[in-house]
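Participant: Input run17.cif, format and content: mmCIF, N, CA and C atoms.
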data_model
#
loop_
_atom_site.label_atom_id
_atom_site.label_comp_id
_atom_site.auth_asym_id
_atom_site.auth_seq_id
_atom_site.Cartn_x
_atom_site.Cartn_y
_atom_site.Cartn_z
N MET H 20 36.78 -7.51 -12.46
CA MET H 20 36.15 -7.10 -11.22
C MET H 20 36.09 -5.58 -11.18
N THR H 21 34.94 -5.04 -10.85
CA THR H 21 34.78 -3.60 -10.74
C THR H 21 35.44 -3.11 -9.46
N ARG H 22 36.22 -2.07 -9.58
CA ARG H 22 36.95 -1.55 -8.44
C ARG H 22 36.25 -0.36 -7.80
N LEU H 23 35.49 0.38 -8.60
CA LEU H 23 34.79 1.56 -8.11
C LEU H 23 33.33 1.37 -8.47
N VAL H 24 32.47 1.25 -7.49
CA VAL H 24 31.08 0.92 -7.73
C VAL H 24 30.18 2.01 -7.19
N THR H 25 29.23 2.44 -8.01
CA THR H 25 28.19 3.33 -7.51
C THR H 25 26.86 2.64 -7.73
N SER H 26 25.96 2.80 -6.81
CA SER H 26 24.62 2.24 -6.96
C SER H 26 23.62 3.21 -6.38
N LYS H 27 22.42 3.25 -6.97
CA LYS H 27 21.38 4.15 -6.50
C LYS H 27 20.44 3.41 -5.56
N PHE H 28 19.93 4.13 -4.58
CA PHE H 28 18.90 3.60 -3.72
C PHE H 28 18.02 4.74 -3.26
N TRP H 29 16.84 4.44 -2.79
CA TRP H 29 15.90 5.45 -2.36
C TRP H 29 15.71 5.38 -0.86
N LEU H 30 15.76 6.50 -0.21
CA LEU H 30 15.59 6.59 1.23
C LEU H 30 14.71 7.79 1.52
N GLN H 31 13.57 7.56 2.10
CA GLN H 31 12.64 8.62 2.45
C GLN H 31 12.31 9.51 1.24
N GLY H 32 12.14 8.89 0.07
CA GLY H 32 11.70 9.60 -1.11
C GLY H 32 12.79 10.32 -1.89
N ASP H 33 14.02 10.35 -1.41
CA ASP H 33 15.11 11.04 -2.10
C ASP H 33 16.05 10.02 -2.72
N VAL H 34 16.71 10.41 -3.81
CA VAL H 34 17.68 9.53 -4.45
C VAL H 34 19.02 9.68 -3.75
N HIS H 35 19.58 8.55 -3.36
CA HIS H 35 20.90 8.52 -2.74
C HIS H 35 21.75 7.52 -3.51
N GLU H 36 23.05 7.68 -3.45
CA GLU H 36 23.94 6.76 -4.13
C GLU H 36 25.03 6.29 -3.18
N GLN H 37 25.59 5.15 -3.53
CA GLN H 37 26.66 4.56 -2.75
C GLN H 37 27.90 4.50 -3.60
N LEU H 38 29.03 4.89 -3.03
CA LEU H 38 30.32 4.83 -3.70
C LEU H 38 31.22 3.92 -2.88
N LYS H 39 31.63 2.80 -3.47
CA LYS H 39 32.53 1.87 -2.79
C LYS H 39 33.93 2.09 -3.36
N ILE H 40 34.87 2.40 -2.48
CA ILE H 40 36.25 2.67 -2.88
C ILE H 40 37.08 1.45 -2.51
N ASP H 41 37.49 0.71 -3.53
CA ASP H 41 38.19 -0.55 -3.33
C ASP H 41 39.65 -0.32 -2.95
N GLY H 42 40.07 -0.96 -1.87
CA GLY H 42 41.42 -0.79 -1.35
C GLY H 42 42.51 -1.49 -2.14
N ASP H 43 42.13 -2.32 -3.12
CA ASP H 43 43.14 -2.94 -3.98
C ASP H 43 43.55 -2.01 -5.12
N THR H 44 42.74 -0.97 -5.37
CA THR H 44 42.99 -0.05 -6.47
C THR H 44 43.33 1.35 -5.98
N TYR H 45 42.66 1.80 -4.92
CA TYR H 45 42.82 3.16 -4.42
C TYR H 45 43.49 3.14 -3.04
N PHE H 46 44.20 4.19 -2.73
CA PHE H 46 44.88 4.36 -1.44
C PHE H 46 45.81 3.18 -1.15
N THR H 47 46.68 2.90 -2.11
CA THR H 47 47.57 1.74 -2.02
C THR H 47 49.00 2.10 -1.63
N GLU H 48 49.31 3.39 -1.49
CA GLU H 48 50.68 3.81 -1.19
C GLU H 48 51.03 3.60 0.29
N ALA H 49 52.32 3.43 0.56
CA ALA H 49 52.82 3.46 1.93
C ALA H 49 52.80 4.91 2.39
N LEU H 50 52.35 5.15 3.62
CA LEU H 50 52.25 6.52 4.13
C LEU H 50 52.87 6.61 5.52
N VAL H 51 53.93 7.38 5.64
CA VAL H 51 54.50 7.67 6.96
C VAL H 51 53.58 8.66 7.66
N GLN H 52 53.87 8.97 8.90
CA GLN H 52 53.03 9.91 9.66
C GLN H 52 52.90 11.24 8.92
N ASN H 53 51.67 11.73 8.82
CA ASN H 53 51.28 12.98 8.17
C ASN H 53 51.43 12.99 6.65
N ALA H 54 51.79 11.86 6.05
CA ALA H 54 51.82 11.75 4.59
C ALA H 54 50.42 11.40 4.10
N SER H 55 50.15 11.73 2.84
CA SER H 55 48.81 11.49 2.31
C SER H 55 48.85 11.03 0.86
N GLU H 56 47.75 10.48 0.42
CA GLU H 56 47.57 10.03 -0.96
C GLU H 56 46.28 10.62 -1.49
N ASN H 57 46.32 11.14 -2.72
CA ASN H 57 45.16 11.78 -3.34
C ASN H 57 44.51 10.86 -4.37
N GLU H 58 43.19 10.92 -4.44
CA GLU H 58 42.44 10.18 -5.45
C GLU H 58 41.31 11.05 -5.97
N ASN H 59 40.97 10.87 -7.24
CA ASN H 59 39.83 11.53 -7.87
C ASN H 59 38.87 10.44 -8.30
N LEU H 60 37.70 10.40 -7.67
CA LEU H 60 36.75 9.31 -7.87
C LEU H 60 35.48 9.80 -8.54
N THR H 61 35.02 9.09 -9.53
CA THR H 61 33.85 9.48 -10.31
C THR H 61 32.58 9.44 -9.47
N ILE H 62 31.81 10.54 -9.55
CA ILE H 62 30.48 10.61 -8.95
C ILE H 62 29.50 11.02 -10.05
N THR H 63 28.21 10.99 -9.78
CA THR H 63 27.22 11.20 -10.83
C THR H 63 26.85 12.66 -11.08
N ARG H 64 27.18 13.54 -10.16
CA ARG H 64 26.84 14.96 -10.27
C ARG H 64 27.99 15.81 -9.76
N ASP H 65 27.96 17.10 -10.09
CA ASP H 65 28.96 18.03 -9.57
C ASP H 65 28.63 18.50 -8.16
N GLU H 66 27.35 18.36 -7.75
CA GLU H 66 26.94 18.77 -6.41
C GLU H 66 26.22 17.62 -5.72
N ILE H 67 26.75 17.23 -4.57
CA ILE H 67 26.16 16.15 -3.78
C ILE H 67 26.20 16.54 -2.30
N THR H 68 25.52 15.75 -1.49
CA THR H 68 25.64 15.89 -0.04
C THR H 68 26.10 14.55 0.51
N ILE H 69 27.29 14.53 1.10
CA ILE H 69 27.82 13.29 1.68
C ILE H 69 27.11 13.06 2.99
N LEU H 70 26.49 11.87 3.12
CA LEU H 70 25.68 11.54 4.28
C LEU H 70 26.42 10.67 5.28
N SER H 71 27.23 9.75 4.79
CA SER H 71 27.99 8.89 5.70
C SER H 71 29.25 8.40 5.00
N ILE H 72 30.25 8.11 5.82
CA ILE H 72 31.51 7.55 5.33
C ILE H 72 31.89 6.40 6.25
N GLY H 73 32.11 5.25 5.65
CA GLY H 73 32.58 4.09 6.38
C GLY H 73 33.98 3.75 5.93
N LEU H 74 34.84 3.37 6.85
CA LEU H 74 36.22 3.03 6.53
C LEU H 74 36.57 1.72 7.20
N TYR H 75 37.23 0.83 6.47
CA TYR H 75 37.81 -0.33 7.12
C TYR H 75 39.22 -0.54 6.61
N ALA H 76 40.08 -1.02 7.49
CA ALA H 76 41.50 -1.11 7.18
C ALA H 76 42.12 -2.32 7.86
N LEU H 77 43.21 -2.77 7.30
CA LEU H 77 43.95 -3.87 7.91
C LEU H 77 44.83 -3.40 9.06
N GLN H 78 45.22 -2.13 9.04
CA GLN H 78 46.04 -1.59 10.12
C GLN H 78 45.19 -0.67 10.99
N GLN H 79 45.36 -0.78 12.28
CA GLN H 79 44.59 0.03 13.22
C GLN H 79 45.32 1.36 13.44
N LEU H 80 45.13 2.27 12.47
CA LEU H 80 45.80 3.56 12.48
C LEU H 80 44.80 4.70 12.61
N ASN H 81 45.32 5.89 12.79
CA ASN H 81 44.51 7.10 12.87
C ASN H 81 44.55 7.76 11.49
N TYR H 82 43.41 7.71 10.77
CA TYR H 82 43.34 8.26 9.42
C TYR H 82 42.51 9.54 9.42
N ARG H 83 42.83 10.44 8.51
CA ARG H 83 42.02 11.64 8.28
C ARG H 83 41.67 11.65 6.79
N ILE H 84 40.39 11.83 6.50
CA ILE H 84 39.90 11.92 5.13
C ILE H 84 39.64 13.39 4.83
N TRP H 85 40.36 13.94 3.87
CA TRP H 85 40.20 15.34 3.45
C TRP H 85 39.40 15.36 2.15
N LEU H 86 38.50 16.34 2.01
CA LEU H 86 37.71 16.50 0.79
C LEU H 86 37.98 17.86 0.18
N TYR H 87 38.22 17.88 -1.13
CA TYR H 87 38.55 19.10 -1.86
C TYR H 87 37.58 19.30 -3.01
N SER H 88 37.36 20.55 -3.39
CA SER H 88 36.44 20.86 -4.48
C SER H 88 37.11 20.80 -5.86
N LYS H 89 38.43 20.72 -5.90
CA LYS H 89 39.18 20.65 -7.16
C LYS H 89 40.28 19.61 -7.05
N ASP H 90 40.73 19.15 -8.21
CA ASP H 90 41.77 18.12 -8.19
C ASP H 90 43.18 18.67 -8.00
N ASP H 91 43.28 19.96 -7.65
CA ASP H 91 44.59 20.52 -7.31
C ASP H 91 44.96 20.25 -5.85
N PHE H 92 43.97 19.84 -5.04
CA PHE H 92 44.17 19.54 -3.62
C PHE H 92 44.87 20.70 -2.91
N ALA H 93 44.51 21.93 -3.28
CA ALA H 93 45.10 23.13 -2.69
C ALA H 93 44.27 23.61 -1.51
N ALA H 94 44.88 24.42 -0.68
CA ALA H 94 44.21 24.92 0.53
C ALA H 94 42.92 25.67 0.21
N ASP H 95 42.90 26.42 -0.89
CA ASP H 95 41.69 27.19 -1.20
C ASP H 95 40.56 26.34 -1.78
N SER H 96 40.81 25.06 -2.04
CA SER H 96 39.74 24.17 -2.50
C SER H 96 39.33 23.14 -1.42
N LEU H 97 39.84 23.31 -0.22
CA LEU H 97 39.49 22.41 0.88
C LEU H 97 38.04 22.63 1.30
N ILE H 98 37.29 21.54 1.41
CA ILE H 98 35.90 21.59 1.86
C ILE H 98 35.79 21.20 3.33
N GLY H 99 36.49 20.14 3.71
CA GLY H 99 36.44 19.69 5.09
C GLY H 99 37.14 18.35 5.25
N TYR H 100 37.07 17.83 6.46
CA TYR H 100 37.71 16.54 6.74
C TYR H 100 36.92 15.77 7.79
N VAL H 101 37.21 14.46 7.84
CA VAL H 101 36.60 13.57 8.82
C VAL H 101 37.72 12.70 9.38
N ASP H 102 37.77 12.55 10.71
CA ASP H 102 38.78 11.72 11.35
C ASP H 102 38.26 10.31 11.61
N PHE H 103 39.11 9.33 11.36
CA PHE H 103 38.83 7.93 11.66
C PHE H 103 39.97 7.44 12.55
N ASN H 104 39.84 7.66 13.85
CA ASN H 104 40.86 7.24 14.80
C ASN H 104 40.58 5.80 15.20
N LEU H 105 41.05 4.86 14.38
CA LEU H 105 40.73 3.45 14.60
C LEU H 105 41.26 2.89 15.92
N PRO H 106 42.41 3.35 16.45
CA PRO H 106 42.82 2.85 17.76
C PRO H 106 41.83 3.23 18.87
N ALA H 107 41.17 4.37 18.74
CA ALA H 107 40.25 4.82 19.78
C ALA H 107 38.83 4.31 19.58
N VAL H 108 38.37 4.23 18.33
CA VAL H 108 36.96 3.93 18.09
C VAL H 108 36.71 2.75 17.16
N GLY H 109 37.73 2.21 16.53
CA GLY H 109 37.54 1.17 15.53
C GLY H 109 37.08 -0.14 16.11
N ALA H 110 35.99 -0.65 15.56
CA ALA H 110 35.54 -1.99 15.90
C ALA H 110 36.39 -2.98 15.10
N THR H 111 36.44 -4.22 15.52
CA THR H 111 37.23 -5.22 14.82
C THR H 111 36.33 -6.34 14.31
N LYS H 112 36.77 -6.97 13.24
CA LYS H 112 36.06 -8.11 12.67
C LYS H 112 37.10 -9.04 12.08
N SER H 113 37.04 -10.30 12.45
CA SER H 113 37.94 -11.30 11.89
C SER H 113 37.24 -12.00 10.73
N ILE H 114 37.90 -11.96 9.57
CA ILE H 114 37.36 -12.62 8.38
C ILE H 114 38.48 -13.47 7.80
N GLY H 115 38.26 -14.75 7.73
CA GLY H 115 39.27 -15.65 7.17
C GLY H 115 40.61 -15.57 7.87
N GLY H 116 40.61 -15.39 9.17
CA GLY H 116 41.85 -15.33 9.93
C GLY H 116 42.54 -13.98 9.89
N THR H 117 41.94 -13.01 9.22
CA THR H 117 42.50 -11.66 9.13
C THR H 117 41.62 -10.70 9.91
N THR H 118 42.23 -9.82 10.69
CA THR H 118 41.47 -8.84 11.47
C THR H 118 41.38 -7.54 10.71
N TYR H 119 40.16 -7.05 10.55
CA TYR H 119 39.89 -5.75 9.93
C TYR H 119 39.40 -4.80 11.02
N TYR H 120 39.78 -3.54 10.89
CA TYR H 120 39.33 -2.49 11.79
C TYR H 120 38.40 -1.58 11.00
N TYR H 121 37.25 -1.27 11.57
CA TYR H 121 36.31 -0.46 10.81
C TYR H 121 35.55 0.51 11.70
N TYR H 122 35.08 1.55 11.05
CA TYR H 122 34.29 2.56 11.73
C TYR H 122 33.44 3.27 10.69
N ASN H 123 32.21 3.58 11.06
CA ASN H 123 31.29 4.28 10.17
C ASN H 123 30.80 5.55 10.85
N ILE H 124 30.84 6.65 10.12
CA ILE H 124 30.29 7.91 10.62
C ILE H 124 29.06 8.20 9.77
N SER H 125 27.89 8.13 10.39
CA SER H 125 26.64 8.19 9.64
C SER H 125 25.95 9.55 9.67
N ASP H 126 26.53 10.52 10.34
CA ASP H 126 25.88 11.84 10.44
C ASP H 126 26.77 12.94 9.85
N VAL H 127 27.34 12.68 8.68
CA VAL H 127 28.28 13.62 8.07
C VAL H 127 27.56 14.85 7.53
N CYS H 128 26.60 14.69 6.64
CA CYS H 128 25.80 15.77 6.05
C CYS H 128 26.68 16.94 5.57
N LEU H 129 27.61 16.64 4.66
CA LEU H 129 28.56 17.62 4.14
C LEU H 129 28.23 17.94 2.69
N ALA H 130 27.90 19.21 2.41
CA ALA H 130 27.63 19.65 1.04
C ALA H 130 28.96 19.65 0.27
N TYR H 131 28.95 19.01 -0.89
CA TYR H 131 30.15 18.88 -1.70
C TYR H 131 29.87 19.41 -3.10
N GLU H 132 30.72 20.32 -3.58
CA GLU H 132 30.61 20.82 -4.94
C GLU H 132 31.94 20.62 -5.64
N ASP H 133 31.89 19.94 -6.78
CA ASP H 133 33.06 19.73 -7.61
C ASP H 133 33.24 20.96 -8.49
N GLU H 134 34.13 21.87 -8.10
CA GLU H 134 34.27 23.16 -8.76
C GLU H 134 35.01 23.10 -10.09
N ASP H 135 35.68 21.97 -10.39
CA ASP H 135 36.31 21.87 -11.71
C ASP H 135 35.44 21.09 -12.69
N SER H 136 34.19 20.81 -12.29
CA SER H 136 33.15 20.20 -13.14
C SER H 136 33.59 18.90 -13.82
N THR H 137 34.32 18.08 -13.10
CA THR H 137 34.76 16.79 -13.63
C THR H 137 33.89 15.64 -13.14
N LYS H 138 32.89 15.96 -12.31
CA LYS H 138 32.05 14.94 -11.66
C LYS H 138 32.93 13.93 -10.94
N GLU H 139 33.82 14.49 -10.10
CA GLU H 139 34.72 13.67 -9.30
C GLU H 139 34.69 14.12 -7.85
N LEU H 140 34.89 13.16 -6.98
CA LEU H 140 35.11 13.42 -5.57
C LEU H 140 36.62 13.46 -5.39
N HIS H 141 37.13 14.59 -4.97
CA HIS H 141 38.58 14.77 -4.78
C HIS H 141 38.86 14.50 -3.31
N ILE H 142 39.46 13.36 -3.04
CA ILE H 142 39.58 12.87 -1.68
C ILE H 142 41.04 12.52 -1.38
N GLN H 143 41.45 12.83 -0.16
CA GLN H 143 42.83 12.60 0.27
C GLN H 143 42.80 11.78 1.57
N LEU H 144 43.59 10.73 1.61
CA LEU H 144 43.75 9.91 2.81
C LEU H 144 45.08 10.28 3.45
N GLU H 145 45.02 10.71 4.72
CA GLU H 145 46.23 11.07 5.46
C GLU H 145 46.40 10.13 6.64
N ASN H 146 47.64 9.68 6.85
CA ASN H 146 47.97 8.86 8.01
C ASN H 146 48.41 9.77 9.15
N LYS H 147 47.65 9.83 10.23
CA LYS H 147 47.99 10.68 11.38
C LYS H 147 48.75 9.90 12.46
N SER H 148 48.97 8.60 12.25
CA SER H 148 49.64 7.77 13.26
C SER H 148 51.16 7.82 13.12
N ALA H 149 51.85 7.57 14.22
CA ALA H 149 53.31 7.47 14.18
C ALA H 149 53.75 6.22 13.41
N THR H 150 52.91 5.19 13.41
CA THR H 150 53.18 3.97 12.65
C THR H 150 52.85 4.21 11.18
N ALA H 151 53.71 3.76 10.29
CA ALA H 151 53.49 3.96 8.86
C ALA H 151 52.41 3.01 8.33
N LYS H 152 51.63 3.51 7.39
CA LYS H 152 50.69 2.66 6.66
C LYS H 152 51.50 1.87 5.64
N ILE H 153 51.27 0.58 5.59
CA ILE H 153 51.96 -0.31 4.66
C ILE H 153 51.38 -0.14 3.26
N ALA H 154 52.21 -0.29 2.23
CA ALA H 154 51.74 -0.20 0.85
C ALA H 154 50.96 -1.45 0.45
N ALA H 155 50.17 -1.30 -0.59
CA ALA H 155 49.44 -2.39 -1.25
C ALA H 155 48.53 -3.16 -0.28
N ALA H 156 48.44 -4.46 -0.47
CA ALA H 156 47.47 -5.28 0.26
C ALA H 156 47.70 -5.28 1.77
N GLY H 157 48.93 -5.18 2.23
CA GLY H 157 49.21 -5.19 3.66
C GLY H 157 48.65 -3.99 4.41
N GLY H 158 48.47 -2.88 3.70
CA GLY H 158 47.93 -1.66 4.30
C GLY H 158 46.59 -1.27 3.71
N LYS H 159 45.84 -2.27 3.29
CA LYS H 159 44.56 -2.03 2.61
C LYS H 159 43.62 -1.14 3.42
N VAL H 160 43.11 -0.10 2.75
CA VAL H 160 42.11 0.81 3.31
C VAL H 160 40.97 0.86 2.31
N GLN H 161 39.78 0.61 2.78
CA GLN H 161 38.62 0.61 1.91
C GLN H 161 37.57 1.54 2.50
N MET H 162 36.80 2.22 1.64
CA MET H 162 35.78 3.15 2.11
C MET H 162 34.47 2.93 1.37
N THR H 163 33.38 3.30 2.04
CA THR H 163 32.06 3.35 1.43
C THR H 163 31.44 4.68 1.81
N LEU H 164 30.96 5.41 0.80
CA LEU H 164 30.29 6.69 1.02
C LEU H 164 28.86 6.59 0.53
N PHE H 165 27.93 7.13 1.30
CA PHE H 165 26.56 7.32 0.84
C PHE H 165 26.38 8.80 0.65
N TYR H 166 25.77 9.19 -0.47
CA TYR H 166 25.56 10.61 -0.72
C TYR H 166 24.21 10.85 -1.36
N GLY H 167 23.68 12.02 -1.08
CA GLY H 167 22.43 12.45 -1.69
C GLY H 167 22.73 13.23 -2.96
N VAL H 168 21.86 13.04 -3.94
CA VAL H 168 22.01 13.73 -5.21
C VAL H 168 21.29 15.06 -5.13
N ASN H 169 22.02 16.16 -5.26
CA ASN H 169 21.43 17.49 -5.21
C ASN H 169 20.88 17.85 -6.58
N SER H 170 19.73 18.48 -6.60
CA SER H 170 19.10 18.87 -7.88
C SER H 170 19.74 20.11 -8.44
#
Show the structure stored in the file as structure tokens.

Facilitator:
Amino acid sequence: MTRLVTSKFWLQGDVHEQLKIDGDTYFTEALVQNASENENLTITRDEITILSIGLYALQQLNYRIWLYSKDDFAADSLIGYVDFNLPAVGATKSIGGTTYYYYNISDVCLAYEDEDSTKELHIQLENKSATAKIAAAGGKVQMTLFYGVNS
């Protein structure tokens, strides 16, 4: 089973791609309040524009997604962040007796440049809630990003 999927699609004449971040492979650590987990995810270019980010999780927590231009995750490579306060804004969906919390932000429009030229998205998931994120399947967090390919 593929854990990290990218696919191309066309929208209004421009090439866009989708990155699905599988919660069984990525962001699997237990995270206490203000703790974070880093991931480096393959993208097709060093320069993209992130258009939307969708997040769904088994726990209704307040997450912050940080984006960095290098895999050192240092302050001088920080590009920006997006908050997913699932207790305040998360919609719910029951699937197979399990409740998932999800939220999509569709107006991100964030220019991203991978400055270490690895064609990776350097992304950090931070738990902002007082409740700890559970490790592995119990604390599953999954994301989908749509991005435009910059020439």

Participant: Select, counting only C-alpha atoms, all protein, DNA and RNA residues no farther than 12 Å from (33.6, 11.3, -10.0) in file coordinates, and express the selection as a VMD selection string.

Facilitator: chain H and resid 23 to 25 38 to 40 58 to 67 88 to 90 131 to 142

Participant: Write out as a PyMOL selection string all residues of stretch 99-136 of chain H that backbone DSSP assigns to strand (DSSP E or B).

Facilitator: chain H and resi 99-104+110-114+117-124+129-132

Participant: Taking into account all atoms listed in the file, which residue in the set H:Val51, H:Val127, H:Val168, H:Leu105 is nearest to H:Ala151?

Facilitator: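 Counting all atoms listed in the file, the residue closest to H:Ala151 is H:Val51.
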
Participant: What lies within 6 Å of H:Ala54 using all atoms listed in the file, ignoring chain neighbours under 6 positions off, as a short mmCIF file (atom, residue, chain, number, x, y, z; two decimals) with N, CA and C atoms, in the frame of the given file?

Facilitator:
data_model
loop_
_atom_site.label_atom_id
_atom_site.label_comp_id
_atom_site.auth_asym_id
_atom_site.auth_seq_id
_atom_site.Cartn_x
_atom_site.Cartn_y
_atom_site.Cartn_z
N LEU H 144 43.59 10.73 1.61
CA LEU H 144 43.75 9.91 2.81
C LEU H 144 45.08 10.28 3.45
N GLU H 145 45.02 10.71 4.72
CA GLU H 145 46.23 11.07 5.46
C GLU H 145 46.40 10.13 6.64
N ASN H 146 47.64 9.68 6.85
CA ASN H 146 47.97 8.86 8.01
C ASN H 146 48.41 9.77 9.15
#

Participant: Could you state which residues are captured by the PyMOL selection byres ((chain H and resi 75) around 6.5) in this file, as a PyMOL selection string?

Facilitator: chain H and resi 73-74+76-77+119-122+159-163

Participant: Rounded to one decimal place, report the atom N of H:His35-atom C of H:Asp102 distance in Å.

Facilitator: 24.0 Å

Participant: For atom N of H:Thr111 and atom CA of H:Ile98, determine how far apart the two atoms are, in Å to one decimal place.

Facilitator: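 Result for atom N of H:Thr111 versus atom CA of H:Ile98: 29.2 Å, one decimal.
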
Participant: Report the distance between atom CA of H:Leu50 and atom N of H:Ala156 in Å, rounded to one decimal place.

Facilitator: 12.5 Å

Participant: Using all atoms listed in the file for the distances, tell me which of H:Cys128, H:Ile114, H:Val34, H:Val101 is nearest to H:Thr68.

Facilitator: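 Of all the options, H:Cys128 lies closest to H:Thr68.
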
Participant: For H:Tyr100, work out the shell of residues within 7 Å, counting only C-alpha atoms and skipping chain neighbours fewer than 3 positions away, then give it as a list in words.

Facilitator: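 The neighbour list is Arg83, Ile84, Trp85 and Leu86 of chain H.
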
Participant: Under the PyMOL selection byres ((chain H and resi 149) around 7), which residues of this model are included? Write them out as a tab-separated table (two decimals) with N, CA and C atoms, in the frame of the given file.

Facilitator:
chain	number	residue	atom	x	y	z
H	51	VAL	N	53.93	7.38	5.64
H	51	VAL	CA	54.50	7.67	6.96
H	51	VAL	C	53.58	8.66	7.66
H	52	GLN	N	53.87	8.97	8.90
H	52	GLN	CA	53.03	9.91	9.66
H	52	GLN	C	52.90	11.24	8.92
H	53	ASN	N	51.67	11.73	8.82
H	53	ASN	CA	51.28	12.98	8.17
H	53	ASN	C	51.43	12.99	6.65
H	81	ASN	N	45.32	5.89	12.79
H	81	ASN	CA	44.51	7.10	12.87
H	81	ASN	C	44.55	7.76	11.49
H	146	ASN	N	47.64	9.68	6.85
H	146	ASN	CA	47.97	8.86	8.01
H	146	ASN	C	48.41	9.77	9.15
H	147	LYS	N	47.65	9.83	10.23
H	147	LYS	CA	47.99	10.68	11.38
H	147	LYS	C	48.75	9.90	12.46
H	148	SER	N	48.97	8.60	12.25
H	148	SER	CA	49.64	7.77	13.26
H	148	SER	C	51.16	7.82	13.12
H	150	THR	N	52.91	5.19	13.41
H	150	THR	CA	53.18	3.97	12.65
H	150	THR	C	52.85	4.21	11.18
H	151	ALA	N	53.71	3.76	10.29
H	151	ALA	CA	53.49	3.96	8.86
H	151	ALA	C	52.41	3.01	8.33
H	152	LYS	N	51.63	3.51	7.39
H	152	LYS	CA	50.69	2.66	6.66
H	152	LYS	C	51.50	1.87	5.64
